[in-house]
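Colleague: One file is attached below, target36.cif, containing mmCIF, C-alpha atoms.
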```cif
data_structure
loop_
_atom_site.label_atom_id
_atom_site.label_comp_id
_atom_site.auth_asym_id
_atom_site.auth_seq_id
_atom_site.Cartn_x
_atom_site.Cartn_y
_atom_site.Cartn_z
CA MET A 13 28.99 -49.40 3.01
CA LYS A 14 31.80 -49.77 0.46
CA ASN A 15 29.34 -49.03 -2.35
CA HIS A 16 28.59 -45.68 -0.82
CA ASP A 17 32.15 -44.60 0.12
CA ILE A 18 32.53 -42.94 -3.28
CA TYR A 19 30.22 -40.21 -1.98
CA SER A 20 32.69 -37.74 -0.53
CA LYS A 21 32.37 -35.87 2.74
CA ASP A 22 31.78 -32.65 0.83
CA LEU A 23 28.36 -34.04 -0.16
CA LEU A 24 27.43 -34.36 3.51
CA PHE A 25 28.76 -30.86 4.03
CA ALA A 26 26.64 -29.58 1.12
CA PHE A 27 23.46 -30.98 2.59
CA GLY A 28 24.48 -29.68 5.97
CA LEU A 29 24.68 -26.21 4.45
CA VAL A 30 21.17 -26.56 3.06
CA ALA A 31 19.56 -27.81 6.26
CA GLY A 32 21.74 -25.58 8.42
CA GLY A 33 20.80 -22.55 6.36
CA ILE A 34 17.13 -23.41 6.74
CA LEU A 35 17.48 -23.87 10.48
CA LEU A 36 19.34 -20.56 10.74
CA SER A 37 16.58 -18.77 8.86
CA ILE A 38 14.05 -20.24 11.29
CA CYS A 39 15.91 -19.26 14.45
CA THR A 40 17.56 -15.93 13.58
CA PRO A 41 15.80 -12.80 14.85
CA CYS A 42 14.67 -10.68 11.92
CA PRO A 43 15.32 -6.94 11.44
CA ALA A 44 13.44 -7.00 8.12
CA GLN A 45 10.88 -4.40 9.22
CA GLU A 46 13.61 -1.76 9.37
CA ARG A 47 14.83 -2.77 5.92
CA TYR A 48 11.30 -2.50 4.55
CA GLN A 49 11.06 1.00 5.99
CA ILE A 50 14.27 2.09 4.25
CA ILE A 51 12.98 0.80 0.90
CA LEU A 52 9.62 2.53 1.36
CA GLN A 53 11.29 5.83 2.23
CA GLU A 54 13.32 5.66 -0.99
CA ILE A 55 10.22 4.92 -3.06
CA GLU A 56 8.26 7.73 -1.43
CA LYS A 57 11.08 10.11 -2.30
CA ASN A 58 11.55 8.99 -5.91
CA ASN A 59 8.11 7.86 -7.14
CA THR A 60 6.89 10.13 -9.95
CA SER A 61 3.17 9.38 -9.45
CA LEU A 62 3.42 10.47 -5.82
CA LYS A 63 5.13 13.72 -6.83
CA MET A 64 2.26 14.38 -9.23
CA SER A 65 -0.27 13.63 -6.49
CA ARG A 66 1.42 16.15 -4.16
CA GLU A 67 1.01 18.88 -6.77
CA GLU A 68 -2.60 17.89 -7.42
CA GLN A 69 -3.27 18.14 -3.70
CA LYS A 70 -1.90 21.71 -3.69
CA VAL A 71 -4.13 22.58 -6.68
CA LYS A 72 -7.23 21.23 -4.91
CA GLU A 73 -6.39 23.08 -1.69
CA LEU A 74 -5.97 26.36 -3.57
CA GLU A 75 -9.14 25.70 -5.56
CA SER A 76 -11.11 25.26 -2.34
CA ARG A 77 -10.02 28.77 -1.26
CA THR A 78 -11.20 30.56 -4.42
CA ALA A 79 -14.86 30.95 -3.43
CA ILE A 80 -14.43 32.49 0.02
CA TYR A 81 -13.98 36.12 -1.01
CA PRO A 82 -16.57 38.82 -1.86
CA ASP A 83 -17.48 39.71 -5.44
CA ASN A 84 -15.29 42.20 -7.28
CA PRO A 85 -16.16 45.90 -6.95
CA GLU A 86 -17.76 47.60 -9.95
CA ILE A 87 -16.68 50.96 -11.38
CA GLY A 88 -18.80 52.69 -14.01
CA PHE A 89 -18.53 55.83 -16.12
CA GLY A 90 -21.28 57.46 -18.19
CA ASN A 91 -21.36 60.45 -20.52
CA THR A 92 -24.64 61.98 -21.77
CA TRP A 93 -25.10 64.71 -24.34
CA GLY A 94 -27.60 67.51 -24.18
CA ASN A 95 -28.73 69.89 -26.95
CA GLY A 96 -27.35 73.36 -27.15
CA SER A 97 -30.49 75.10 -25.87
CA THR A 98 -30.82 73.17 -22.61
CA GLY A 99 -27.29 72.63 -21.47
CA GLY A 100 -24.00 70.80 -22.00
CA ASN A 101 -22.77 67.28 -21.40
CA THR A 102 -23.16 65.36 -18.13
CA GLN A 103 -20.65 62.80 -16.80
CA GLU A 104 -21.47 60.19 -14.18
CA ILE A 105 -19.05 58.08 -12.14
CA THR A 106 -20.27 55.15 -9.99
CA VAL A 107 -18.45 52.78 -7.63
CA SER A 108 -20.33 49.85 -6.03
CA GLN A 109 -19.60 46.72 -4.00
CA THR A 110 -21.93 43.76 -3.45
CA ILE A 111 -21.54 42.08 -0.07
CA ASP A 112 -23.04 38.76 0.99
CA PHE A 113 -24.50 38.29 4.42
CA PRO A 114 -21.55 37.79 6.89
CA THR A 115 -22.74 34.28 7.86
CA LEU A 116 -22.05 33.12 4.30
CA TYR A 117 -18.36 34.04 4.48
CA TRP A 118 -18.02 32.19 7.79
CA ASN A 119 -19.60 29.03 6.36
CA ARG A 120 -17.60 29.27 3.13
CA ASN A 121 -14.37 29.36 5.14
CA LYS A 122 -15.38 26.25 7.08
CA LEU A 123 -16.34 24.49 3.83
CA ALA A 124 -12.98 25.43 2.29
CA LYS A 125 -11.15 23.87 5.25
CA CYS A 126 -13.17 20.66 4.85
CA LYS A 127 -12.34 20.50 1.13
CA SER A 128 -8.64 21.05 1.92
CA GLU A 129 -8.82 18.17 4.40
CA THR A 130 -10.51 16.00 1.76
CA ALA A 131 -7.68 16.78 -0.69
CA LEU A 132 -5.12 15.85 1.96
CA GLN A 133 -6.87 12.55 2.68
CA GLU A 134 -7.00 11.77 -1.06
CA TYR A 135 -3.24 12.22 -1.21
CA ARG A 136 -2.78 10.05 1.89
CA ILE A 137 -4.85 7.30 0.25
CA GLU A 138 -2.74 7.38 -2.90
CA ARG A 139 0.45 7.39 -0.84
CA MET A 140 -0.78 4.49 1.32
CA ASN A 141 -1.78 2.40 -1.71
CA LEU A 142 1.55 3.03 -3.40
CA LEU A 143 3.62 2.15 -0.34
CA LEU A 144 1.44 -0.88 0.34
CA SER A 145 2.09 -2.13 -3.21
CA ALA A 146 5.82 -1.61 -2.66
CA LYS A 147 5.72 -3.42 0.69
CA GLU A 148 3.81 -6.34 -0.81
CA ILE A 149 6.49 -6.60 -3.49
CA CYS A 150 9.16 -6.60 -0.78
CA VAL A 151 7.33 -9.40 1.04
CA GLN A 152 7.12 -11.45 -2.16
CA MET A 153 10.79 -10.75 -2.94
CA THR A 154 11.69 -11.97 0.55
CA TYR A 155 9.85 -15.20 -0.23
CA TYR A 156 11.55 -15.68 -3.61
CA ASN A 157 14.96 -14.66 -2.25
CA ALA A 158 14.62 -17.43 0.32
CA LEU A 159 13.43 -19.91 -2.33
CA VAL A 160 16.29 -19.01 -4.68
CA GLN A 161 18.74 -19.43 -1.82
CA MET A 162 17.22 -22.84 -0.99
CA TYR A 163 17.08 -24.06 -4.62
CA GLN A 164 20.61 -22.84 -5.26
CA LYS A 165 21.85 -25.05 -2.43
CA GLN A 166 19.63 -27.90 -3.55
CA ALA A 167 20.90 -27.57 -7.14
CA ASN A 168 24.50 -27.73 -5.90
CA HIS A 169 23.60 -30.72 -3.75
CA ALA A 170 21.86 -32.48 -6.67
CA GLN A 171 24.84 -31.80 -8.94
CA GLN A 172 27.21 -33.44 -6.47
CA ILE A 173 24.93 -36.49 -6.22
CA ALA A 174 24.82 -36.72 -10.02
CA GLN A 175 28.61 -36.52 -10.22
CA ALA A 176 28.96 -39.18 -7.54
CA GLU A 177 26.51 -41.48 -9.38
CA GLN A 178 28.44 -40.94 -12.59
CA ARG A 179 31.68 -42.04 -10.89
CA ARG A 180 29.92 -45.09 -9.47
CA LYS A 181 28.61 -45.94 -12.91
CA GLU A 182 32.08 -45.58 -14.43
CA THR A 183 33.63 -47.87 -11.80
CA GLY A 184 30.86 -50.42 -12.20
CA GLU A 185 29.49 -49.93 -8.71
CA GLY A 186 26.40 -48.11 -9.93
CA ASN A 187 24.02 -48.44 -12.85
CA ALA A 188 22.40 -46.28 -15.51
CA ILE A 189 19.04 -46.19 -13.72
CA GLN A 190 20.52 -44.66 -10.57
CA PHE A 191 22.56 -42.24 -12.65
CA ASN A 192 19.50 -41.13 -14.64
CA LYS A 193 17.55 -40.58 -11.42
CA ALA A 194 20.35 -38.36 -10.14
CA ARG A 195 20.54 -36.44 -13.43
CA LEU A 196 16.77 -35.96 -13.50
CA ASN A 197 16.84 -34.63 -9.94
CA CYS A 198 19.66 -32.23 -10.85
CA HIS A 199 17.81 -31.03 -13.94
CA ASN A 200 14.62 -30.49 -11.91
CA MET A 201 16.43 -28.44 -9.25
CA GLU A 202 18.09 -26.26 -11.90
CA ASN A 203 14.73 -25.62 -13.60
CA LEU A 204 13.10 -24.68 -10.30
CA LEU A 205 15.99 -22.34 -9.57
CA THR A 206 15.63 -20.68 -12.98
CA LEU A 207 11.87 -20.21 -12.64
CA ASN A 208 12.20 -18.63 -9.22
CA CYS A 209 15.01 -16.37 -10.44
CA LEU A 210 12.78 -15.17 -13.29
CA GLU A 211 9.94 -14.33 -10.89
CA LEU A 212 12.39 -12.58 -8.58
CA GLU A 213 13.67 -10.49 -11.50
CA ARG A 214 10.11 -9.53 -12.47
CA LEU A 215 9.42 -8.30 -8.94
CA HIS A 216 12.74 -6.46 -8.91
CA MET A 217 11.82 -4.58 -12.10
CA GLU A 218 8.44 -3.66 -10.63
CA LEU A 219 10.18 -2.29 -7.53
CA ILE A 220 12.48 -0.21 -9.75
CA ARG A 221 9.43 1.18 -11.57
CA LEU A 222 7.88 2.24 -8.27
CA ASN A 223 11.20 3.85 -7.34
CA GLY A 224 10.96 6.22 -10.29
CA GLY A 225 13.20 4.10 -12.52
CA GLN A 226 16.14 4.24 -10.10
CA GLU A 227 17.97 1.06 -9.14
CA ILE A 228 17.02 -0.39 -5.78
CA ILE A 229 18.37 -3.57 -4.19
CA PHE A 230 16.39 -5.85 -1.89
CA GLN A 231 17.97 -9.17 -0.94
CA ASP A 232 16.32 -10.03 2.38
CA THR A 233 15.50 -13.68 3.00
CA LEU A 234 13.97 -13.25 6.46
CA PHE A 235 10.44 -12.08 7.16
CA PRO A 236 9.69 -9.44 9.81
CA ILE A 237 8.52 -10.55 13.24
CA ILE A 238 4.76 -10.09 13.44
CA ARG A 239 2.91 -9.41 16.68
CA LEU A 240 -0.84 -9.47 16.24
CA PRO A 241 -3.03 -7.42 18.60
CA GLU A 242 -4.55 -9.34 21.49
CA ASN A 243 -7.90 -7.58 21.29
CA PHE A 244 -9.19 -7.03 17.76
CA GLU A 245 -11.97 -4.55 18.59
CA ASP A 246 -9.62 -2.21 20.46
CA TRP A 247 -7.14 -2.39 17.60
CA TYR A 248 -9.89 -1.77 15.04
CA GLN A 249 -11.11 1.39 16.76
CA ALA A 250 -7.57 2.82 16.73
CA ALA A 251 -7.02 1.74 13.11
CA LYS A 252 -10.31 3.29 11.97
CA GLU A 253 -9.30 6.64 13.46
CA GLU A 254 -6.02 6.67 11.53
CA HIS A 255 -7.02 5.09 8.21
CA PRO A 256 -6.93 7.72 5.40
CA ALA A 257 -9.85 6.16 3.50
CA ILE A 258 -12.08 6.52 6.57
CA GLY A 259 -10.67 10.02 7.11
CA TRP A 260 -11.53 10.91 3.51
CA LEU A 261 -15.13 9.78 4.00
CA GLU A 262 -15.37 11.71 7.26
CA SER A 263 -14.07 14.88 5.61
CA ARG A 264 -16.52 14.43 2.72
CA LEU A 265 -19.38 14.01 5.19
CA THR A 266 -18.31 17.13 7.09
CA ALA A 267 -18.02 19.03 3.80
CA SER A 268 -21.55 17.94 2.84
CA GLN A 269 -22.88 19.17 6.16
CA GLU A 270 -21.09 22.50 5.69
CA GLU A 271 -22.51 22.69 2.17
CA VAL A 272 -26.00 22.64 3.70
CA LYS A 273 -25.08 25.64 5.86
CA VAL A 274 -23.60 27.48 2.89
CA ASN A 275 -26.75 26.97 0.82
CA ARG A 276 -28.90 28.15 3.70
CA SER A 277 -26.78 31.29 3.89
CA HIS A 278 -27.41 31.85 0.18
CA SER A 279 -31.08 32.40 1.05
CA LEU A 280 -30.10 35.54 2.96
CA PRO A 281 -30.17 38.84 1.01
CA LYS A 282 -27.13 40.47 -0.59
CA ILE A 283 -26.38 44.13 0.11
CA SER A 284 -24.99 46.49 -2.51
CA LEU A 285 -23.26 49.71 -1.40
CA GLY A 286 -22.06 52.37 -3.80
CA TYR A 287 -20.98 55.93 -4.44
CA SER A 288 -22.26 58.07 -7.34
CA CYS A 289 -21.03 61.38 -8.74
CA GLN A 290 -22.62 63.49 -11.52
CA LEU A 291 -20.69 66.27 -13.19
CA THR A 292 -22.90 68.70 -15.16
CA GLY A 293 -20.46 71.54 -15.73
CA GLN A 294 -22.52 74.04 -13.77
CA GLU A 295 -23.23 71.99 -10.68
CA ASN A 296 -21.90 68.63 -9.34
CA PHE A 297 -24.03 66.02 -7.57
CA ASN A 298 -22.61 63.46 -5.12
CA GLY A 299 -24.42 60.66 -3.31
CA ILE A 300 -24.54 57.07 -2.14
CA SER A 301 -26.53 54.12 -3.36
CA VAL A 302 -27.83 51.12 -1.44
CA GLY A 303 -29.31 47.99 -3.00
CA LEU A 304 -30.76 44.74 -1.76
CA SER A 305 -30.86 41.46 -3.68
CA ILE A 306 -33.63 39.12 -2.51
CA PRO A 307 -32.90 35.46 -3.49
CA LEU A 308 -36.37 34.29 -4.41
CA TRP A 309 -35.59 31.82 -7.24
CA GLU A 310 -31.83 31.52 -7.84
CA ASN A 311 -31.07 29.00 -5.07
CA ARG A 312 -34.34 27.13 -5.11
CA ASN A 313 -33.92 23.46 -3.98
CA GLN A 314 -30.19 23.93 -3.32
CA VAL A 315 -30.63 23.29 0.41
CA LYS A 316 -32.67 20.14 -0.25
CA LYS A 317 -30.00 18.90 -2.65
CA ALA A 318 -27.22 19.54 -0.11
CA LYS A 319 -29.19 17.75 2.63
CA ALA A 320 -29.75 14.72 0.38
CA GLN A 321 -26.02 14.63 -0.41
CA ALA A 322 -25.15 14.77 3.29
CA ILE A 323 -27.51 11.87 4.04
CA SER A 324 -25.99 9.87 1.16
CA ASP A 325 -22.46 10.54 2.44
CA GLN A 326 -23.50 9.42 5.93
CA TYR A 327 -24.73 6.08 4.54
CA LYS A 328 -21.50 5.71 2.54
CA MET A 329 -19.52 6.36 5.69
CA ASN A 330 -21.45 3.78 7.70
CA ASP A 331 -21.19 1.21 4.91
CA ALA A 332 -17.45 1.79 4.49
CA CYS A 333 -16.81 1.39 8.24
CA LEU A 334 -18.76 -1.89 8.27
CA ALA A 335 -16.92 -3.19 5.20
CA TYR A 336 -13.56 -2.17 6.69
CA HIS A 337 -14.41 -3.86 10.00
CA ASN A 338 -15.39 -7.11 8.27
CA GLU A 339 -12.34 -7.08 6.01
CA MET A 340 -9.93 -6.46 8.91
CA LYS A 341 -11.69 -9.10 11.03
CA SER A 342 -11.23 -11.62 8.20
CA TYR A 343 -7.55 -10.69 7.86
CA TYR A 344 -7.10 -10.97 11.63
CA ASN A 345 -8.68 -14.44 11.82
CA GLN A 346 -6.60 -15.66 8.89
CA ALA A 347 -3.45 -14.24 10.48
CA ILE A 348 -4.17 -16.00 13.79
CA THR A 349 -4.61 -19.33 11.97
CA LEU A 350 -1.44 -18.83 9.93
CA GLN A 351 0.57 -17.91 13.01
CA LYS A 352 -0.41 -21.16 14.71
CA ALA A 353 0.45 -23.19 11.60
CA ILE A 354 3.79 -21.39 11.21
CA LEU A 355 4.69 -22.13 14.83
CA SER A 356 3.86 -25.81 14.27
CA TYR A 357 6.02 -25.97 11.13
CA LYS A 358 8.83 -24.10 12.85
CA GLU A 359 8.90 -26.57 15.73
CA PHE A 360 8.84 -29.50 13.29
CA LEU A 361 11.74 -28.12 11.22
CA GLN A 362 13.80 -27.37 14.33
CA GLU A 363 13.23 -30.86 15.77
CA ASN A 364 13.75 -32.71 12.47
CA SER A 365 16.80 -31.04 11.02
CA ASN A 366 18.54 -34.43 10.81
CA ALA A 367 21.02 -33.95 7.96
CA ASP A 368 23.65 -36.23 9.50
CA LEU A 369 21.16 -39.01 10.25
CA LEU A 370 19.62 -38.93 6.78
CA TYR A 371 22.95 -38.96 4.98
CA ARG A 372 24.33 -41.68 7.27
CA ALA A 373 21.35 -43.90 6.46
CA PHE A 374 21.99 -43.32 2.76
CA ARG A 375 25.71 -44.19 3.04
CA THR A 376 25.09 -47.37 4.99
CA GLY A 377 22.55 -48.58 2.46
CA GLU A 378 19.49 -48.19 4.68
CA LEU A 379 18.13 -45.74 2.09
CA SER A 380 18.37 -46.08 -1.66
CA LEU A 381 19.09 -43.04 -3.82
CA LEU A 382 15.38 -42.79 -4.68
CA GLU A 383 14.38 -42.99 -1.01
CA TYR A 384 17.06 -40.46 -0.11
CA LEU A 385 15.83 -38.00 -2.76
CA LEU A 386 12.23 -38.51 -1.66
CA GLU A 387 13.20 -37.74 1.93
CA LEU A 388 14.93 -34.58 0.74
CA ASP A 389 11.89 -33.58 -1.31
CA TYR A 390 9.64 -34.11 1.69
CA TYR A 391 11.86 -32.02 3.94
CA PHE A 392 12.16 -29.18 1.45
CA ASP A 393 8.46 -29.31 0.63
CA ILE A 394 7.72 -28.71 4.31
CA TYR A 395 10.16 -25.81 4.33
CA GLU A 396 8.64 -24.29 1.18
CA LYS A 397 5.17 -24.44 2.77
CA TYR A 398 6.65 -22.82 5.87
CA LEU A 399 8.00 -19.97 3.72
CA SER A 400 4.72 -19.65 1.83
CA MET A 401 2.75 -19.31 5.06
CA GLN A 402 5.19 -16.71 6.34
CA LYS A 403 4.71 -14.78 3.10
CA ASP A 404 0.91 -14.98 3.38
CA LEU A 405 1.03 -13.82 6.99
CA ALA A 406 3.33 -10.90 6.13
CA LEU A 407 1.00 -9.85 3.28
CA LEU A 408 -2.05 -9.98 5.57
CA TYR A 409 -0.29 -7.98 8.25
CA ALA A 410 0.91 -5.41 5.68
CA ARG A 411 -2.70 -4.85 4.59
CA MET A 412 -3.91 -4.68 8.18
CA THR A 413 -1.32 -2.03 9.08
CA SER A 414 -1.33 -0.14 5.77
CA PHE A 415 -2.70 2.95 7.55
CA GLN A 416 0.62 3.23 9.42
CA LEU A 417 2.69 3.58 6.24
#
```
Just dump the structure as structure tokens.

Modeller:
Amino acid sequence: MKNHDIYSKDLLFAFGLVAGGILLSICTPCPAQERYQIILQEIEKNNTSLKMSREEQKVKELESRTAIYPDNPEIGFGNTWGNGSTGGNTQEITVSQTIDFPTLYWNRNKLAKCKSETALQEYRIERMNLLLSAKEICVQMTYYNALVQMYQKQANHAQQIAQAEQRRKETGEGNAIQFNKARLNCHNMENLLTLNCLELERLHMELIRLNGGQEIIFQDTLFPIIRLPENFEDWYQAAKEEHPAIGWLESRLTASQEEVKVNRSHSLPKISLGYSCQLTGQENFNGISVGLSIPLWENRNQVKKAKAQAISDQYKMNDACLAYHNEMKSYYNQAITLQKAILSYKEFLQENSNADLLYRAFRTGELSLLEYLLELDYYFDIYEKYLSMQKDLALLYARMTSFQL
């Protein structure tokens, strides 16, 4: 035991901080979901791509309303010359308006509403994808924040071991081999800390980019509490109703069906009403004109084309719903498996947080420095896997609930 007394109590305290910090992160309730929401609200407010998408949505909505009005009225003026023996000049003024069959205006209005809804769903999809990307970055930053916190403590711990081994070497109680092992462990911990800090910085810069270039801080080390639905099929039906991608396909299908009605209405005749006035100098003539346009060739095959498009959109809708169901089912099954594994790791870490016992065995000589470091590596490897599974679960759940963003 004398050979190990040179290790001060602050080394035990350092390891206690590491294991205690890990245990705290396992047991502490997590308000991370609220923090995620604050970050996402900032990004939605500041992201430049989303601002552009809002304006594009307005353009598409206005564009869909441009074809619902009648044609412009026509005003004409004519002047004819006569010879001197038969009479003077004659002026003619005409005003006419072409009107489609009333059913066409009704169907055009319904089609315009469908196109406006499609534009809205396109914006919702872009918004959802953007916020999902931001949330996934937050999840990954949570993971790397926790790793950096862990490796920072481990690096401090390794440095104290290296210093203690150096003192033992200087007093003749230790040897160069033990000292080199301690230095190598310290160097390894510092390198791991640096690599994780670099990855954390990369994610931070990506989050700033999504925030429109404005600084944004995210330092969470705890993952949100995840409660998976008990019945997948019930959850899927609700999710399908709210998902913007499914809503976009539904609006496209409805628009295609309305397009069929519009093209059918085009087969109805157009009516032209007008007023005509002739001024001859001696006598004026006033009257009305009525015309009828019979669409024999102009819209040929348009209805067939619209019907084919509607059938195609229906197949796309069915295929998308099936693909979405299978994807969500896969995510759900993976999440269930991860949750069970996380619970198992959590129980193991809570039951085996034996910092005092491990250090006491090292001080009394029951464990060599190499055995002690291997035990530490094993413990922290378990914890890193625990964090990794929490990250994977949070990413899966973020994708499953992306429609709620």

Colleague: Could you tell me how far atom CA of Gln178 of chain A lies from atom CA of Glu383 of chain A, in Å and to one decimal?

Modeller: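 Going from atom CA of Gln178 of chain A over to atom CA of Glu383 of chain A covers 18.3 Å.
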
Colleague: Name the residues that the PyMOL selection byres ((chain A and resi 310-318) around 8) pulls out of this structure, and write them as a list in words.

Modeller: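 Checked against the file, the PyMOL selection byres ((chain A and resi 310-318) around 8) matches Ser268, Gln269, Glu271, Val272, Asn275, Arg276, His278, Ser279, Pro307, Leu308, Trp309, Lys319, Ala320, Gln321 and Ala322 of chain A.
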
Colleague: What does the PyMOL selection byres ((chain A and resi 208-213) around 9) select in this file, as a PyMOL selection string?

Modeller: chain A and resi 152-153+156-157+159-160+163+203-207+214-218

Colleague: Kindly give the distance, in Å, that separates atom CA of Glu182 of chain A and atom CA of His199 of chain A, rounded to a single decimal.

Modeller: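 These two atoms are separated by 20.4 Å.
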
Colleague: Could you tell me, as a PyMOL selection string, exactly which residues end up selected when the PyMOL selection byres ((chain A and resi 240-249) around 12) is applied to this structure?

Modeller: chain A and resi 237-239+250-255+258+333-334+336-352+405-406+408-410+412-413+415

Colleague: So which residues touch segment 283-288 of chain A within 10 Å, counting only C-alpha atoms, skipping near sequence neighbours fewer than 2 positions away, as a ChimeraX atom specification?

Modeller: /A:85-89,104-113,280-281,290,297-306

Colleague: What does the distance from atom CA of Lys122 of chain A to atom CA of Tyr135 of chain A come to in Å, to one decimal?

Modeller: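 One can read the atom CA of Lys122 of chain A to atom CA of Tyr135 of chain A distance as 20.3 Å.
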
Colleague: May I have the residues within 6 Å of segment 223-225 of chain A as number ranges by chain, using only C-alpha atoms and disregarding those fewer than 5 positions away in the same chain?

Modeller: A: 55, 58-60

Colleague: Looking at all atoms listed in the file, which of A:Leu142, A:Glu177, A:Leu399, A:Thr102 is the one that sits closest to Leu355 of chain A?

Modeller: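 Distance minimum relative to Leu355 of chain A lands on A:Leu399.
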
Colleague: Within 12 Å of Tyr81 of chain A, counting only C-alpha atoms, which residues show up once you throw out same-chain ones fewer than 6 positions away? Write them as a list in words, please.

Modeller: Thr110, Ile111, Asp112, Pro114, Leu116, Tyr117, Trp118, Asn119, Arg120, Asn121 and Ala124 of chain A

Colleague: Could the residues in this selection be saved with C-alpha atoms as a CSV table (one decimal), keeping the file's coordinate frame?

Modeller:
```csv
chain,number,residue,atom,x,y,z
A,110,THR,CA,-21.9,43.8,-3.4
A,111,ILE,CA,-21.5,42.1,-0.1
A,112,ASP,CA,-23.0,38.8,1.0
A,114,PRO,CA,-21.6,37.8,6.9
A,116,LEU,CA,-22.0,33.1,4.3
A,117,TYR,CA,-18.4,34.0,4.5
A,118,TRP,CA,-18.0,32.2,7.8
A,119,ASN,CA,-19.6,29.0,6.4
A,120,ARG,CA,-17.6,29.3,3.1
A,121,ASN,CA,-14.4,29.4,5.1
A,124,ALA,CA,-13.0,25.4,2.3
```
